[in-house]
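Source file: protein16.txt. Holds: compact mmCIF, C-alpha atoms and all ligand atoms.
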# COMPACT_ATOMS: atom_id res chain seq x y z
CA MET A 899 7.98 -23.03 7.89
CA PHE A 900 10.52 -21.25 5.75
CA ASN A 901 13.12 -19.59 7.99
CA MET A 902 12.99 -16.11 6.55
CA LYS A 903 15.44 -14.39 8.80
CA SER A 904 18.42 -16.72 8.38
CA ALA A 905 18.03 -16.85 4.61
CA ALA A 906 17.90 -13.07 4.32
CA VAL A 907 20.83 -12.67 6.67
CA ALA A 908 22.89 -15.19 4.68
CA ALA A 909 22.11 -13.39 1.44
CA ALA A 910 23.07 -10.05 2.90
CA ALA A 911 26.31 -11.45 4.31
CA LEU A 912 27.14 -12.58 0.79
CA VAL A 913 26.60 -9.05 -0.46
CA ALA A 914 28.72 -7.79 2.42
CA SER A 915 31.65 -9.95 1.40
CA ALA A 916 31.55 -8.35 -2.04
CA CYS A 917 30.78 -4.84 -0.88
CA VAL A 918 33.16 -1.91 -0.95
CA ALA A 919 31.42 0.58 1.36
CA GLY A 920 32.66 0.84 4.92
CA ALA A 921 30.31 0.36 7.84
CA GLU A 922 27.82 3.25 7.97
CA LYS A 923 25.04 4.15 10.37
CA ILE A 924 21.99 4.47 8.14
CA GLU A 925 18.99 6.25 9.66
CA VAL A 926 15.91 4.79 7.98
CA THR A 927 12.48 6.44 8.25
CA HIS A 928 9.20 4.65 7.55
CA TRP A 929 5.69 4.28 8.97
CA TRP A 930 5.62 0.52 9.45
CA THR A 931 4.70 0.20 13.12
CA SER A 932 1.98 -2.48 13.25
CA GLY A 933 2.90 -6.05 14.22
CA GLY A 934 3.03 -7.28 10.63
CA GLU A 935 4.82 -4.19 9.36
CA ALA A 936 7.45 -4.41 12.11
CA ALA A 937 8.12 -8.05 11.24
CA ALA A 938 8.58 -7.08 7.61
CA VAL A 939 10.82 -4.06 8.17
CA GLY A 940 12.88 -6.31 10.44
CA VAL A 941 13.81 -8.35 7.37
CA PHE A 942 15.25 -5.22 5.74
CA ALA A 943 17.04 -4.19 8.94
CA ASP A 944 18.58 -7.65 9.37
CA ALA A 945 19.83 -7.60 5.78
CA VAL A 946 21.42 -4.15 6.12
CA ASN A 947 23.03 -5.06 9.45
CA ALA A 948 24.31 -8.38 8.06
CA ALA A 949 25.94 -6.40 5.25
CA GLY A 950 28.06 -4.66 7.88
CA HIS A 951 26.11 -1.40 8.31
CA GLU A 952 23.93 -0.25 11.19
CA TRP A 953 20.20 0.25 10.56
CA VAL A 954 19.10 3.10 12.82
CA ASP A 955 15.33 2.76 12.91
CA GLY A 956 13.32 5.94 12.47
CA ALA A 957 9.75 4.62 12.58
CA ILE A 958 6.96 7.24 12.66
CA ALA A 959 3.47 5.77 13.15
CA GLY A 960 0.90 6.54 10.46
CA GLY A 961 1.58 7.52 6.87
CA GLY A 962 -0.35 10.77 7.34
CA ASN A 963 2.03 11.75 10.17
CA ALA A 964 5.25 10.34 8.75
CA ARG A 965 5.06 11.62 5.17
CA PRO A 966 5.17 15.39 5.96
CA VAL A 967 7.92 14.88 8.57
CA ILE A 968 10.06 12.91 6.10
CA LEU A 969 9.55 15.31 3.20
CA SER A 970 10.20 18.43 5.30
CA ARG A 971 13.38 16.98 6.80
CA ILE A 972 14.82 16.34 3.35
CA ALA A 973 13.70 19.73 2.01
CA GLY A 974 15.10 21.40 5.14
CA GLY A 975 18.61 19.96 4.78
CA ASP A 976 18.29 17.34 7.51
CA PRO A 977 18.25 14.18 5.39
CA MET A 978 17.96 10.65 6.75
CA GLY A 979 20.04 7.91 5.13
CA ALA A 980 17.03 6.21 3.53
CA THR A 981 13.27 6.46 3.69
CA GLN A 982 10.18 4.52 2.73
CA LEU A 983 7.48 6.42 0.85
CA ASN A 984 4.69 5.29 -1.41
CA THR A 985 5.56 4.35 -4.98
CA GLY A 986 4.19 7.37 -6.76
CA ARG A 987 4.43 11.13 -6.52
CA ASP A 988 5.19 11.60 -2.80
CA ALA A 989 8.73 12.88 -3.37
CA GLU A 990 8.28 14.36 -6.85
CA ASP A 991 9.32 17.87 -5.83
CA LEU A 992 12.40 16.66 -3.94
CA VAL A 993 13.56 14.53 -6.88
CA GLN A 994 13.10 17.46 -9.24
CA ALA A 995 15.06 19.66 -6.81
CA GLY A 996 18.00 17.24 -7.06
CA LEU A 997 17.86 16.17 -3.41
CA MET A 998 17.81 12.40 -3.99
CA THR A 999 20.75 10.09 -4.75
CA ASP A 1000 20.72 8.94 -8.37
CA LEU A 1001 20.44 5.13 -8.51
CA THR A 1002 20.57 4.82 -12.30
CA ASP A 1003 24.06 3.34 -12.68
CA LEU A 1004 23.28 0.67 -10.08
CA ALA A 1005 19.89 -0.04 -11.66
CA GLU A 1006 21.48 -0.47 -15.08
CA ALA A 1007 24.33 -2.60 -13.74
CA GLU A 1008 21.85 -4.91 -12.01
CA GLY A 1009 19.24 -4.86 -14.78
CA TRP A 1010 16.35 -3.60 -12.65
CA ALA A 1011 14.35 -2.83 -15.80
CA ASP A 1012 14.59 -6.52 -16.75
CA PHE A 1013 13.05 -7.91 -13.58
CA ILE A 1014 10.97 -5.18 -11.94
CA ARG A 1015 7.38 -5.66 -13.01
CA PRO A 1016 5.03 -4.04 -13.82
CA SER A 1017 7.40 -1.53 -15.36
CA LYS A 1018 5.19 1.34 -14.16
CA LEU A 1019 6.73 0.79 -10.72
CA LEU A 1020 10.11 1.87 -12.04
CA ASP A 1021 8.49 4.60 -14.14
CA SER A 1022 7.27 6.12 -10.86
CA CYS A 1023 10.92 6.29 -9.71
CA THR A 1024 12.17 7.82 -12.97
CA TYR A 1025 12.61 11.53 -13.70
CA GLU A 1026 14.19 12.80 -16.93
CA GLY A 1027 15.51 9.30 -17.62
CA ARG A 1028 17.23 8.88 -14.27
CA ILE A 1029 16.12 6.55 -11.43
CA TYR A 1030 15.76 7.98 -7.89
CA CYS A 1031 13.98 5.27 -5.90
CA VAL A 1032 13.77 1.52 -5.63
CA PRO A 1033 10.31 -0.09 -5.50
CA VAL A 1034 10.22 -2.79 -2.81
CA ASN A 1035 6.71 -4.25 -3.00
CA ILE A 1036 3.32 -4.16 -4.65
CA HIS A 1037 0.42 -3.42 -2.34
CA SER A 1038 -3.15 -3.26 -3.50
CA PHE A 1039 -6.06 -1.71 -1.63
CA GLN A 1040 -8.43 -3.85 -3.72
CA TRP A 1041 -9.12 -6.51 -1.06
CA MET A 1042 -11.72 -7.55 1.50
CA TRP A 1043 -10.63 -9.71 4.46
CA LEU A 1044 -13.26 -11.92 6.10
CA ASN A 1045 -13.35 -13.93 9.32
CA ARG A 1046 -14.85 -17.29 8.33
CA GLY A 1047 -15.85 -18.14 11.90
CA ALA A 1048 -17.85 -14.92 12.30
CA TYR A 1049 -20.12 -15.94 9.42
CA ALA A 1050 -20.41 -19.46 10.78
CA THR A 1051 -21.45 -18.02 14.16
CA ALA A 1052 -24.06 -15.88 12.39
CA GLY A 1053 -25.29 -18.95 10.48
CA VAL A 1054 -24.63 -17.52 7.00
CA ASP A 1055 -22.19 -18.34 4.21
CA VAL A 1056 -18.97 -16.37 3.88
CA PRO A 1057 -19.78 -13.68 1.27
CA SER A 1058 -18.14 -13.97 -2.15
CA ASN A 1059 -18.95 -10.41 -3.25
CA TRP A 1060 -20.19 -7.03 -1.96
CA ASP A 1061 -23.89 -7.76 -2.50
CA GLU A 1062 -23.63 -11.00 -0.49
CA PHE A 1063 -21.70 -9.10 2.18
CA VAL A 1064 -24.52 -6.50 2.46
CA ALA A 1065 -27.16 -9.27 2.56
CA ALA A 1066 -25.31 -11.08 5.37
CA ALA A 1067 -24.84 -7.95 7.50
CA PRO A 1068 -28.13 -8.19 9.48
CA ALA A 1069 -27.34 -11.78 10.55
CA LEU A 1070 -23.96 -10.64 11.86
CA ARG A 1071 -25.57 -7.76 13.72
CA ASP A 1072 -28.04 -10.23 15.30
CA ALA A 1073 -25.07 -12.32 16.42
CA GLY A 1074 -23.49 -9.26 18.03
CA ILE A 1075 -20.80 -8.99 15.35
CA THR A 1076 -19.96 -5.74 13.54
CA PRO A 1077 -20.34 -6.39 9.79
CA LEU A 1078 -17.59 -4.04 8.63
CA ALA A 1079 -14.47 -3.06 10.57
CA VAL A 1080 -13.10 0.33 9.62
CA GLY A 1081 -10.85 2.98 11.06
CA GLY A 1082 -11.82 6.62 10.71
CA GLU A 1083 -8.48 7.79 9.30
CA SER A 1084 -9.20 9.71 6.09
CA TRP A 1085 -6.95 7.53 3.92
CA GLN A 1086 -8.88 4.43 5.02
CA ILE A 1087 -12.23 5.83 3.85
CA SER A 1088 -10.69 7.23 0.68
CA GLY A 1089 -9.04 3.87 -0.04
CA MET A 1090 -12.36 2.10 0.44
CA SER A 1091 -13.94 4.41 -2.16
CA GLY A 1092 -11.26 3.34 -4.64
CA VAL A 1093 -12.21 -0.30 -4.05
CA PHE A 1094 -15.88 0.49 -4.72
CA GLN A 1095 -14.89 2.38 -7.89
CA VAL A 1096 -13.66 -0.92 -9.30
CA ALA A 1097 -16.10 -3.36 -7.70
CA LEU A 1098 -19.23 -1.31 -8.43
CA GLY A 1099 -18.16 1.13 -11.15
CA GLY A 1100 -15.94 -1.21 -13.15
CA LEU A 1101 -12.45 -1.04 -14.59
CA ASP A 1102 -13.36 1.60 -17.17
CA LEU A 1103 -14.60 3.95 -14.47
CA TYR A 1104 -11.46 3.41 -12.38
CA ARG A 1105 -9.16 4.07 -15.32
CA ALA A 1106 -11.20 7.08 -16.54
CA ILE A 1107 -10.67 8.70 -13.15
CA ASN A 1108 -7.24 7.42 -12.05
CA VAL A 1109 -5.57 7.63 -15.46
CA ASP A 1110 -7.56 10.12 -17.59
CA LYS A 1111 -8.70 12.28 -14.64
CA SER A 1112 -12.06 12.61 -16.41
CA PRO A 1113 -14.60 14.97 -14.76
CA GLU A 1114 -17.32 13.28 -16.87
CA ALA A 1115 -16.46 9.92 -15.30
CA ALA A 1116 -16.43 11.58 -11.87
CA ALA A 1117 -19.97 12.85 -12.53
CA SER A 1118 -21.25 9.54 -13.97
CA ALA A 1119 -24.04 7.36 -12.65
CA GLU A 1120 -21.44 4.63 -12.06
CA MET A 1121 -19.60 6.97 -9.69
CA THR A 1122 -22.92 7.75 -7.95
CA GLN A 1123 -23.05 4.05 -7.03
CA VAL A 1124 -19.69 4.47 -5.26
CA PHE A 1125 -21.04 7.31 -3.14
CA GLU A 1126 -24.15 5.26 -2.36
CA ALA A 1127 -21.99 2.30 -1.28
CA ILE A 1128 -19.90 4.49 1.02
CA ALA A 1129 -23.16 5.85 2.46
CA ALA A 1130 -24.41 2.28 2.95
CA ALA A 1131 -21.13 1.33 4.64
CA ARG A 1132 -21.93 3.88 7.37
CA GLY A 1133 -24.60 1.44 8.59
CA MET A 1134 -22.15 -1.49 8.67
CA VAL A 1135 -19.61 -0.19 11.15
CA ASP A 1136 -19.44 0.21 14.93
CA ASP A 1137 -19.62 3.52 16.80
CA GLY A 1138 -15.98 3.31 17.83
CA TYR A 1139 -14.50 3.69 14.33
CA VAL A 1140 -13.51 7.35 14.57
CA GLY A 1141 -9.73 7.65 14.99
CA ARG A 1142 -9.19 3.89 14.89
CA VAL A 1143 -5.91 2.95 13.15
CA TRP A 1144 -6.19 0.42 10.33
CA ASN A 1145 -4.51 -2.46 12.16
CA ASP A 1146 -6.91 -2.17 15.11
CA ALA A 1147 -9.73 -2.62 12.61
CA THR A 1148 -7.89 -5.65 11.22
CA ALA A 1149 -7.62 -7.01 14.79
CA MET A 1150 -11.44 -6.84 15.05
CA VAL A 1151 -11.67 -9.22 12.08
CA ILE A 1152 -8.88 -11.45 13.44
CA ASN A 1153 -10.67 -11.71 16.79
CA GLY A 1154 -14.13 -12.25 15.29
CA LYS A 1155 -15.53 -8.99 16.60
CA ALA A 1156 -16.16 -7.95 13.00
CA GLY A 1157 -17.00 -9.96 9.91
CA ALA A 1158 -14.82 -8.17 7.36
CA GLN A 1159 -12.59 -5.24 6.50
CA ILE A 1160 -11.87 -3.56 3.18
CA MET A 1161 -8.14 -2.87 3.39
CA GLY A 1162 -4.91 -3.17 1.48
CA ASP A 1163 -3.05 -6.46 1.55
CA TRP A 1164 -0.70 -5.16 4.24
CA ALA A 1165 -3.48 -6.47 6.49
CA GLN A 1166 -2.13 -9.93 5.72
CA GLY A 1167 0.88 -9.23 7.85
CA GLU A 1168 -1.43 -8.90 10.85
CA PHE A 1169 -3.13 -12.23 10.19
CA GLY A 1170 0.31 -13.76 9.81
CA VAL A 1171 1.58 -12.42 13.13
CA ALA A 1172 -1.67 -13.66 14.75
CA GLY A 1173 -0.87 -17.15 13.43
CA GLN A 1174 -3.98 -17.30 11.24
CA THR A 1175 -4.01 -19.07 7.87
CA ALA A 1176 -5.63 -17.90 4.66
CA GLY A 1177 -8.43 -20.27 3.74
CA ASP A 1178 -8.76 -21.47 7.34
CA GLU A 1179 -9.50 -18.69 9.85
CA TYR A 1180 -9.76 -15.97 7.20
CA ASP A 1181 -10.59 -15.49 3.52
CA CYS A 1182 -9.76 -12.76 1.05
CA LEU A 1183 -11.73 -11.26 -1.83
CA PRO A 1184 -9.62 -9.37 -4.39
CA GLY A 1185 -11.74 -6.68 -6.04
CA LEU A 1186 -14.52 -7.53 -3.55
CA GLY A 1187 -15.01 -10.71 -5.57
CA VAL A 1188 -16.47 -8.82 -8.51
CA TYR A 1189 -13.48 -7.89 -10.67
CA PRO A 1190 -10.33 -9.75 -9.55
CA VAL A 1191 -7.91 -6.85 -10.00
CA LEU A 1192 -5.02 -5.28 -8.19
CA ASP A 1193 -3.93 -1.71 -8.08
CA THR A 1194 -0.16 -1.39 -8.02
CA GLY A 1195 0.24 0.72 -4.96
CA GLY A 1196 3.10 -0.07 -2.68
CA ASP A 1197 6.31 1.29 -1.34
CA ALA A 1198 9.64 2.49 -2.59
CA PHE A 1199 12.83 3.51 -0.83
CA TYR A 1200 14.48 6.85 -1.54
CA PHE A 1201 18.01 7.82 -0.52
CA PRO A 1202 18.29 11.55 0.18
CA LYS A 1203 21.66 13.00 -0.82
CA PRO A 1204 23.87 13.01 2.31
CA ASN A 1205 25.33 16.35 3.37
CA LYS A 1206 28.22 14.84 5.32
CA ASN A 1207 30.44 11.78 4.90
CA VAL A 1208 29.11 11.97 1.35
CA GLU A 1209 31.17 9.37 -0.49
CA ALA A 1210 30.93 6.62 2.14
CA MET A 1211 27.23 7.23 2.85
CA THR A 1212 26.36 7.29 -0.85
CA ALA A 1213 28.18 3.97 -1.32
CA ALA A 1214 26.24 2.53 1.63
CA GLN A 1215 22.95 3.85 0.17
CA LEU A 1216 23.63 2.09 -3.13
CA GLU A 1217 24.51 -1.10 -1.32
CA MET A 1218 21.24 -0.92 0.64
CA ALA A 1219 19.24 -0.31 -2.55
CA SER A 1220 20.82 -3.40 -4.06
CA LEU A 1221 19.88 -5.47 -1.00
CA LEU A 1222 16.24 -4.37 -1.05
CA VAL A 1223 15.70 -5.72 -4.58
CA SER A 1224 17.81 -8.86 -4.09
CA LYS A 1225 15.92 -12.11 -4.56
CA GLN A 1226 16.11 -13.56 -1.06
CA VAL A 1227 15.32 -10.28 0.68
CA GLN A 1228 12.39 -9.74 -1.70
CA VAL A 1229 10.94 -13.17 -0.85
CA ASP A 1230 11.37 -12.82 2.90
CA PHE A 1231 10.20 -9.20 3.13
CA ASN A 1232 7.07 -9.64 1.00
CA LEU A 1233 5.99 -12.85 2.73
CA ALA A 1234 6.10 -10.97 6.03
CA LYS A 1235 4.53 -7.78 4.64
CA GLY A 1236 1.64 -9.50 2.81
CA SER A 1237 2.61 -7.68 -0.36
CA LEU A 1238 3.71 -9.01 -3.72
CA PRO A 1239 7.35 -8.82 -4.81
CA ILE A 1240 8.49 -6.31 -7.42
CA ARG A 1241 10.33 -8.98 -9.36
CA GLY A 1242 8.82 -11.80 -11.34
CA ASP A 1243 11.89 -14.08 -11.25
CA ILE A 1244 11.62 -15.45 -7.73
CA ASP A 1245 9.88 -18.47 -6.26
CA LEU A 1246 7.22 -17.60 -3.70
CA ALA A 1247 6.52 -21.23 -2.85
CA ALA A 1248 5.72 -20.23 0.72
CA ALA A 1249 3.10 -17.71 -0.44
CA ASN A 1250 -0.30 -18.31 1.19
CA ALA A 1251 -3.61 -18.76 -0.63
CA CYS A 1252 -4.36 -15.02 -0.75
CA MET A 1253 -0.92 -14.09 -2.05
CA GLN A 1254 -1.32 -16.81 -4.67
CA LYS A 1255 -4.58 -15.13 -5.75
CA GLY A 1256 -2.69 -11.85 -6.02
CA LEU A 1257 0.16 -13.37 -8.02
CA ALA A 1258 -2.31 -14.95 -10.46
CA ILE A 1259 -4.02 -11.59 -10.97
CA LEU A 1260 -0.65 -9.87 -11.40
CA ALA A 1261 0.22 -12.33 -14.18
CA ASN A 1262 -2.45 -10.75 -16.42
CA PRO A 1263 -1.56 -7.10 -17.20
CA GLU A 1264 -5.23 -6.45 -18.02
CA ASN A 1265 -6.04 -6.90 -14.32
CA VAL A 1266 -3.35 -4.57 -13.03
CA LEU A 1267 -4.38 -0.96 -12.36
CA PRO A 1268 -2.32 2.09 -11.43
CA SER A 1269 -2.85 3.31 -7.89
CA SER A 1270 -4.23 6.74 -7.15
CA GLU A 1271 -0.85 7.51 -5.53
CA GLN A 1272 0.73 7.23 -8.97
CA ALA A 1273 -1.93 9.39 -10.60
CA PHE A 1274 -2.46 12.32 -8.25
CA THR A 1275 -0.22 14.63 -6.25
CA GLY A 1276 -0.23 14.46 -2.47
CA ASP A 1277 -2.27 17.66 -2.41
CA THR A 1278 -5.00 16.26 -4.65
CA GLN A 1279 -5.04 13.01 -2.68
CA GLY A 1280 -5.47 15.07 0.48
CA GLN A 1281 -8.52 16.77 -1.04
CA PHE A 1282 -10.02 13.38 -1.92
CA GLU A 1283 -9.36 12.08 1.59
CA ASP A 1284 -10.98 15.11 3.22
CA LEU A 1285 -14.06 14.74 1.01
CA TRP A 1286 -14.52 11.01 1.63
CA VAL A 1287 -14.05 11.14 5.40
CA SER A 1288 -16.39 14.15 5.71
CA PHE A 1289 -19.03 12.37 3.63
CA PHE A 1290 -18.67 9.14 5.62
CA ASN A 1291 -18.87 10.92 8.97
CA ASP A 1292 -21.77 13.22 8.14
CA PRO A 1293 -24.97 11.58 6.81
CA SER A 1294 -26.45 15.04 6.31
CA ILE A 1295 -24.14 15.51 3.29
CA SER A 1296 -26.11 14.33 0.25
CA VAL A 1297 -24.65 12.04 -2.41
CA GLU A 1298 -25.32 14.81 -4.94
CA ASP A 1299 -23.39 17.45 -3.01
CA ALA A 1300 -20.49 15.12 -2.27
CA GLN A 1301 -20.26 13.99 -5.89
CA ALA A 1302 -20.35 17.58 -7.14
CA ARG A 1303 -17.34 18.37 -4.94
CA TYR A 1304 -15.64 15.22 -6.20
CA VAL A 1305 -16.08 16.35 -9.81
CA GLU A 1306 -14.48 19.69 -8.94
CA ILE A 1307 -11.43 17.99 -7.40
CA VAL A 1308 -10.97 15.68 -10.41
CA ALA A 1309 -11.42 18.57 -12.84
CA ASN A 1310 -8.67 20.55 -11.09
CA ALA A 1311 -6.40 17.60 -10.26
CA ASP A 1312 -2.71 17.96 -11.01
C1 LIG A 1401 0.62 2.33 3.01
C2 LIG A 1401 1.89 1.56 2.76
C3 LIG A 1401 1.80 0.15 3.25
C4 LIG A 1401 1.10 0.00 4.58
C5 LIG A 1401 0.00 1.03 4.84
C6 LIG A 1401 -0.47 1.11 6.27
O1 LIG A 1401 0.77 3.65 2.55
O2 LIG A 1401 2.16 1.51 1.37
O3 LIG A 1401 3.10 -0.40 3.26
O4 LIG A 1401 1.97 -0.20 5.58
O5 LIG A 1401 0.36 2.30 4.42
O6 LIG A 1401 0.51 1.59 7.10

As structure tokens - that is how I would like this structure written.
Amino acid sequence: MFNMKSAAVAAAALVASACVAGAEKIEVTHWWTSGGEAAAVGVFADAVNAAGHEWVDGAIAGGGNARPVILSRIAGGDPMGATQLNTGRDAEDLVQAGLMTDLTDLAEAEGWADFIRPSKLLDSCTYEGRIYCVPVNIHSFQWMWLNRGAYATAGVDVPSNWDEFVAAAPALRDAGITPLAVGGESWQISGMSGVFQVALGGLDLYRAINVDKSPEAAASAEMTQVFEAIAAARGMVDDGYVGRVWNDATAMVINGKAGAQIMGDWAQGEFGVAGQTAGDEYDCLPGLGVYPVLDTGGDAFYFPKPNKNVEAMTAAQLEMASLLVSKQVQVDFNLAKGSLPIRGDIDLAAANACMQKGLAILANPENVLPSSEQAFTGDTQGQFEDLWVSFFNDPSISVEDAQARYVEIVANAD
């Protein structure tokens, strides 16, 4: 097995020998607290420490908890040294307020625009021609993860699309296995709706909503199918889903208590830590097996402008940014995270069967979609999340009423 840690440490030590910044304590905030996420963020920490700095870990569990804490600290003049956020519009206001370190000179010196792909990742970091974040991975929500043994126990084939999954559900129930593992966090239900938009509504529907913000598309019959699928999913889950974090739902699939989960490919990190192998214990269906697509969600690191020790900390921030996009760190981090690298010029020979599916999809720009995080502000995303989780939790809400509210949100989206 490829020894990720030593390779990343060696690469970082190389950078250290050429670096000019002194040793700085860099407080880094993020929400990567599951087993797989912790293994991945450890690759970044090892690289920063090997470069002669000190990674002071500021993990805050749950994106919904972490994001407001991070943003308010920066806005309030209490900046951390670096922070993970989603690649998109999370920090738009802070960038526009001039609170983030400008990475443009470094990006140009290292040619980020030449190797970061798809280029929309860097576009999401760019404001008025200047670059204020560094994308570190590509995550897509457009996946279903299936426990092969659960379907064998139930005496049915592993589904290859949503319709087969629905048809197999009764057999799993009879075998005492929950068909669909889900956590009741609002972003999980909202993310699942985005997967159905593609798998059931098609690429045109997804783009009409997540690029054109079309109220007509939001009101379409294709979008009605998405609401009906979310309603149907209510009957596929267990009673204990409310409040369940995403990685506990993934653990249900890993342990065979559930047949499948619709979740972003960060779930792969959990299978990896559990020692399971894609194609053996588990399978993966990009686009629910209907349209093999990816949305280019993912994560980027921002470096809030320091308000003390400014010159040395800024130099250390730039050095850290350079490390996060370096080839070896990109390979080692993404293999642990279950995400795809932001650069197309590295060899992911150790990538597993599911990552190979993702890389093949990524190779065709036609199959690569923007994520909703890149389309809508945090406020609009919050409205979507509230709608989807309310609709999922309350069967008394009709598809018609829920879709009417959805149309309103899209029509007023900023
Ligand atoms: C996403 C993030 C991923 C993943 C997930 C669950 O917002 O982009 O890296 O960790 O949250 O925590």

*Taking all atoms listed in the file into account, report as a VMD selection string which residues have an atom no farther than 10 Å from an atom of ligand LIG 1401 (chain A).*
chain A and resid 928 to 932 934 to 936 938 to 939 959 to 962 965 982 to 985 1034 to 1039 1085 to 1086 1143 to 1145 1161 to 1165 1167 1195 to 1198 1235 to 1237 1271

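Using only C-alpha atoms, the shortest contact distance between Glu1306 in chain A and any of A:Ala989, A:Leu1285, A:Leu1098, A:Ala973 is found at A:Leu1285.
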
*For the atom pair CA of Val1096 in chain A and CA of Pro1033 in chain A, what is the interatomic distance in Å to one decimal place?*
24.3 Å

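When only C-alpha atoms are used to compute distances to Asp1012 in chain A, the closest of the residues A:Asp1102, A:Asp944, A:Asp1243, A:Asp1284 turns out to be A:Asp1243.
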
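The coordinates place CA of Ala1130 in chain A at 20.6 Å from CA of Ala1048 in chain A.
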
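Going from CA of Gly1053 in chain A over to CA of Tyr1139 in chain A, you cover 25.4 Å.
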
*asked:* So that I can check the surroundings of Pro1202 in chain A, please list as a ChimeraX atom specification every protein, DNA and RNA residue that reaches within 7 Å of it, counting all atoms listed in the file and ignoring chain neighbours fewer than 4 positions away.
replied: /A:972,977-980,997-999

Please, could you write that set of residues out with C-alpha atoms as a PDB file, in the coordinates of the input?
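Output below, filename selection29.pdb:
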ATOM      1  CA  ILE A 972      14.820  16.340   3.350  1.00  0.00           C
ATOM      2  CA  PRO A 977      18.250  14.180   5.390  1.00  0.00           C
ATOM      3  CA  MET A 978      17.960  10.650   6.750  1.00  0.00           C
ATOM      4  CA  GLY A 979      20.040   7.910   5.130  1.00  0.00           C
ATOM      5  CA  ALA A 980      17.030   6.210   3.530  1.00  0.00           C
ATOM      6  CA  LEU A 997      17.860  16.170  -3.410  1.00  0.00           C
ATOM      7  CA  MET A 998      17.810  12.400  -3.990  1.00  0.00           C
ATOM      8  CA  THR A 999      20.750  10.090  -4.750  1.00  0.00           C
TER       9      THR A 999
END

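Protein and nucleic acid residues near (-9.7, 7.5, 18.4) are Gly1081, Gly1082, Glu1083, Gly1138, Tyr1139, Val1140, Gly1141, Arg1142 and Val1143 of chain A, the criterion being any atom at most 10 Å away using all atoms listed in the file.
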
*Near range 1212-1215 of chain A, counting all atoms listed in the file, which residues have an atom at most 12 Å away, once you skip same-chain residues fewer than 2 positions from it, shown as a PyMOL selection string?*
chain A and resi 913-914+917-926+946-947+949-953+978-981+998-1001+1004+1030-1032+1199-1210+1217-1222

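Taking only C-alpha atoms into account, the residues near (-6.5, -12.0, -9.9), no farther than 6 Å, are Pro1190, Val1191, Lys1255, Gly1256, Ala1258 and Ile1259 of chain A.
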
With all atoms listed in the file counted and 12 Å as the cut-off, give the residues of range 1116-1154 of chain A in contact with range 1066-1076 of chain A, each with its shortest interatomic distance in Å and the pair that gives it, as CSV.
residue,atom,partner,partner_atom,distance
A:Ala1130,CA,A:Ala1067,CA,11.2
A:Ala1131,CA,A:Ala1067,CA,10.4
A:Arg1132,CA,A:Thr1076,CA,11.6
A:Gly1133,CA,A:Ala1067,CA,9.5
A:Met1134,CA,A:Thr1076,CA,6.8
A:Val1135,CA,A:Thr1076,CA,6.1
A:Asp1136,CA,A:Thr1076,CA,6.1
A:Asp1137,CA,A:Thr1076,CA,9.8
A:Gly1138,CA,A:Thr1076,CA,10.8
A:Tyr1139,CA,A:Thr1076,CA,10.9
A:Ala1147,CA,A:Thr1076,CA,10.7
A:Met1150,CA,A:Thr1076,CA,8.7
A:Val1151,CA,A:Thr1076,CA,9.1
A:Asn1153,CA,A:Ile1075,CA,10.6
A:Gly1154,CA,A:Ile1075,CA,7.4

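With only C-alpha atoms as the atoms that count, the residue of A:Leu1267, A:Ile1240, A:Val1229, A:Leu1078 with the shortest distance to Leu1103 in chain A is A:Leu1267.
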